[in-house]
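Asker: Before I ask anything, let me first share the structure, which is written out below as structure tokens.
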Amino acid sequence: MSPPYLFKFYGNGNAHNLFAILPKRNVLAGESPFGRVWVRFMTSSKRVQDRSREKRVQELEVATEKWKIASKVIFLMEVLKGEQDMIMTVRSLEQYRRQINLPKQHKISDFIRKSPKLFELYKDQRGVLWCGLTEQGEDLLEEHEKLLEENADKAAEHVTRCLMMSVDKKLPLDKIVHFRRDFGLPLDFRINWVHKFPQHFKVGKLGDGEEYLELVSWNPAWAITELEKKTLGITEECDHKPGMLSLAFPMKFPPSYKKMYRYRGKIEHFQKRSYLSPYADAHGLEAGSKEFDKRAIAVMHELLSFTLEKRLVTDHLTHFRREFVMPQKLMRIFLKHCGIFYVSERGKRFSVFLTEGYEGAELIEKCPLIFWKEKLLKFTGYRGRKRDIPTYSDTLDMEEKELLESGSGDEDLRVGFEKDDDDDGVVTDDDDEMDIGEVNDAYEENSKV
């Protein structure tokens, strides 16, 4: 049997460099009292997508588009669900255009018309345009509620395990909300759901009134990582105590990745390096050490394993740097360990995938909530065409042009990329992990590894 640190490639094709070929830099020599000083000019390009074009995995870009379209549609369905009789004026719906990142020059009614099997538009006697759910849309929402109820115990386990991984065994509710859809948590998560599992966690308040979720009891059977379960076949050990691990992470590299042959020794050395379990006490770890970084990879691997799509918006992970004892610049970790994670730059906010969770564009393990999402996409007419979009700017041009081409429910639903909301109706950019310049630096560092 092949060792677990041997690698798998996505798709077929000749190998090319994974990382962007950076523009040549001019080097300027100068003199100073301290001797010769070399000054390097920074590249003039600030488009990360251009610099990483050759490392893309097209199948996962298709998956990114698919899940984001589903998220937009679900968001509007939830908005309507919260209204009396589940109807709302289109003018009132316009306030949510930022949550679905609708191009400025288009109306939200244009987006709604792309899914006539889910949404219906009609005018009242005064000529006011209203939006409601079709019978099929209402049936899908009812089905979704039942699936969320059935998923409640598994979601409670994942939330509890997040608390167990946190350094203080507590997490702010405002931060957990970021994972609501990713973990399959219901709309009433903050109000009702958190009080349904008193045996696992409880809600508390800080001095400033901020609410947090606190671990009530430690469950040894849940202090086993998903990687341990898959690699060692461990399912439950009541006396299990998390400590040092020496497990290799499954890796899948893009077909264009060539450097893995050059750095095979370093990759194998990394895979064999011991690290602290995400559930063990991490207070003694030294930031910046190799042990610190590998544990951070294990934490991110575990969190992504909990998610329905094996995917998260990178910003959502950065919210938990302090609680989970992770490096400040997580993007550098994602880019460096591209066999474990894949970063999709599609949209204004990057997404990170757990590569082992996908075979091509398809999830390997699908829970009922994922099957429901795929069923929802069929009602939108989404076909998942593999379009080769070279840059983010070109993407926006294509999306804005195609959005209004037709209202037929049998056509591809193509909309602008989502700007994630935090369930409070407000979208902000304050939590962005890294600006473009910082990401460029991360790619530069990565090319030297």
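Ordering of the structure tokens sets the chain letters (A, B, ...); residue numbers start at 1 within each chain; ligands are numbered from 1 in the order shown.
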So that each row is one residue of stretch 274-388 of chain A with an atom at most 9 Å from stretch 140-143 of chain A, can you give its shortest atom pair and the distance in Å to one decimal, using only C-alpha atoms, rows by chain and rising number, as a tab-separated table?
Answerer:
residue	atom	partner	partner_atom	distance
A:Trp372	CA	A:Leu140	CA	8.2
A:Lys375	CA	A:Leu140	CA	8.9
A:Leu376	CA	A:Leu140	CA	7.5
Asker: Just list the residues in stretch 194-236 of chain A DSSP gives alpha helix (DSSP H) on the backbone, as a list in words.
Answerer: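 For stretch 194-236 of chain A, the alpha helix (DSSP H) set is Glu226, Leu227, Glu228, Lys229, Lys230, Thr231 and Leu232 of chain A.
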Asker: Of the residues A:Leu232, A:Ala152, A:Leu377, A:Val343, which is the one nearest to A:Phe183, using only C-alpha atoms?
Answerer: A:Ala152
Asker: Residues near A:Met88, anyone? I mean within 12 Å using only C-alpha atoms, not counting same-chain ones fewer than 6 positions away, as a PyMOL selection string.
Answerer: chain A and resi 76-82+94-95+109+119-124+128-133
Asker: One decimal, in Å: what's the spacing between atom CA of A:Leu354 and atom CA of A:Phe341?
Answerer: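 Separation of atom CA of A:Leu354 and atom CA of A:Phe341: 5.0 Å.
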Asker: Which residue is closest to A:Gln199? Choose from A:Leu363, A:Leu215, A:Val73, A:Ile108 and count only C-alpha atoms.
Answerer: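 Looking only at the distances to A:Gln199, the closest residue turns out to be A:Leu215.
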Asker: Could you pull out the strand (DSSP E or B) residues of stretch 83-229 of chain A from DSSP and send them as a PyMOL selection string?
Answerer: chain A and resi 87-89+119-123+129-133+170-172+201-205+211-215
Asker: Could you check which of A:Leu60, A:Val299, A:Leu118, A:Leu147 is closest to A:Ile224, using only C-alpha atoms?
Answerer: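 Using only C-alpha atoms, A:Ile224 sits closest to A:Val299.
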